[in-house]
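Colleague: Dropping a structure here in structure tokens format, bear with me for questions.
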Amino acid sequence: MTEKNYNQIAKDVINAVGGEKNIKQVLHCATRLRFNFNDNQVDIEKVKAVPGVMGVMKVGDQLQVIIGTDVEKVFDEVAKELNLDNKNKDQYFVDENLDNQKEKLSLKSIGSKILDGLSGTMGPVIPAIVACAFFKLLVAVLGPDMLKVISPDSNIYTVLNFVGDAGFYFFPVIVGYTAAKKFKVTPVLGILMGAILIHPTLIQIVTEGRAFDVFGIPMYLSNYSSTILPAILSVWVMSYVERFFNKYIPQAIRSVFAPAFTLMVMVPISLCFLAPAGAFAGDYVVNGLLSLHNYIGFLGIAVIAALYPILVMTGMHMVLIITLFQVFATQGFDAFAAPALCYASFSVMGVGIGAFFRLKNKQEKSLAASYAITALIAGTSEPTLYGLCTKYKKPFYGLLAGGFVGGLYGGITQVISATLVPSSSVTAVFAFLGATNANFINGVIASIISLVVAAVITYLFGFDKDEPAIQG
């Protein structure tokens with residue numbers, strides 16, 4: 001988008017909501033403009049029709065207009081049009097998480113908070129996993145399984161291998177840090193909690209299988225290296241313990257005694273209760289996913305590939321991502337959900353491409369092209385999901401069909417993700433490297449099938465015949 005586009009979007013949105021006189025307050029978050037009105041009678045469909053608007057949500061008395069990552073630039077133009085004092089921009093920014101604080105306690109709100117906690121913890125972990133996955137990818141491509149450039153006995157092979165494994169082995173330490181940031185715990189305490197879970201002495205106790213207790217409380221023997229949930233649960237509870245001591249310990253001695261007392265309380269709670277519970281839950285989910293593959297096989301892969309974008313829209317995808325991290329840490333590959341996620345990503349790309357060729361309106365065509373490019377290069381699906389699928393509805397047909405058909409082919413040919421590549425761009429196909437050449441070829445074919453089917457179905461059936469945007 002150009003500056004002119006931002007200004008035009010701002011003007012069109014202001015007009016669509018009833019003009020300057022109807023706007024009581026306008027704020028923005030990371031992706032949305034948030035309006036409160038003097039008169040709440042606003043034509044939502046008119047707002048949705050504004051080029052550049054990905055979607056609209058009504059939350060209480062507030063109308064949230066989804067713009068995407070360019071929202072701050074659009075807001076700047078809105079501020080100019082409304083003559084707002086935008087020198088201190090922070091006064092107009094609102095944290096999206098604040099919406100959840102107003103929710104009443106219910107199963108839905110609890111589920112939302114759990115997903116938010118998992119997403120906020122695991123999202124920042126991905127760069128480390130991407131880096132480690134790159135080293136594992138080099139091992140797969142250059143090693144004896146493919147190009148045979150480096151020998152398993154060579155130093156370079158050893159370095160690439162242990163660096164690639166480090167991210168998985170030290171998961172509790174990495175997650176301890178990101179969980180601490182999410183739950184507002186002193187970061188080094190989160191790191192320390194994760195380190196305690198994989199200390200060599202603890203691992204030796206577990207390996208020897210000898211009975212052990214912590215301050216008289218019997219400890220369940222379990223190896224927590226490569227685990228995720230034990231550290232998340234421990235740091236989450238630690239957030240309350242640390243706040244308690246920070247509140248009641250005098251400031252003069254707080255810096256010494258608050259961390260020590262926090263750790264003193266957390267060590268038995270974590271080692272005897274939370275970490276075993278987290279490990280059990282993680283194993284249960286992983287084994288459940290592996291068992292599901294055994295029961296429904298390739299058909300399950302097709303279903304996950306079709307529905308994964310829907311999980312992204314609801315936030316449920318983080319549960320699957322966490323499970324995949326655990327599966328790879330456990331067995332080193334995945335033949336079920338991981339390939340399906342790749343096919344789903346290519347299906348999103350196909351929807352953008354199909355819409356680009358079908359749309360005639362220059363503005364909408366340009367947006368569809370940007371959505372497709374964003375999905376192809378950056379692996380970001382939200383612009384396509386909100387800017388095309390939820391806006392026009394019928395592109396969902398292409399989205400579901402592409403993932404399903406690609407998943408069928410990949411499942412029938414028994415494609416596996418031999419390398420964890422947490423990417424949803426075109427580079428996702430690198431996940432199929434590290435097994436046989438046939439595995440890689442079939443994985444690429446399945447991905448292309450997803451893209452082509454999604455594009456064709458979107459082109460043919462993705463829009464109503466009387467949709468203005470497809471008229472010449």
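Residue numbering restarts at 1 in every chain; chains get A, B, ... in the order shown in the structure tokens, and ligands count up from 1 in that same order.
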List every residue of range 146-200 of chain A that DSSP, applied to the backbone of this structure, places in alpha helix (DSSP H), and write the result as an NGL selection string.
Modeller: :A and (155-169 or 171-183 or 187-197 or 200)
Colleague: Fewer than 3 positions away in the same chain doesn't count, so skip those; otherwise give me all residues within 12 Å of Val42 in chain A, counting only C-alpha atoms, as a list in words.
Modeller: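 Listed by chain and then number, they are Val13, Ile14, Asn15, Ala16, Val17, Gly18, Gly19, Asn22, Ile23, Phe35, Asn36, Phe37, Asn38, Asp39, Glu45, Lys46, Val47, Lys48, Val56, Met57, Lys58, Asp61, Gln62, Leu63 and Gln64 of chain A.
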Colleague: What gap, in Å, lies between CA of Tyr248 in chain A and CA of Leu263 in chain A?
Modeller: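 A separation of 15.9 Å between them.
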Colleague: Please determine, counting only C-alpha atoms, which residue among A:Pro144, A:Pro259, A:Gly379, A:Gly410 has the shortest atom-to-atom distance to Ala340 in chain A.
Modeller: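 Going through A:Pro144, A:Pro259, A:Gly379, A:Gly410 one by one, the smallest distance to Ala340 in chain A is for A:Gly410.
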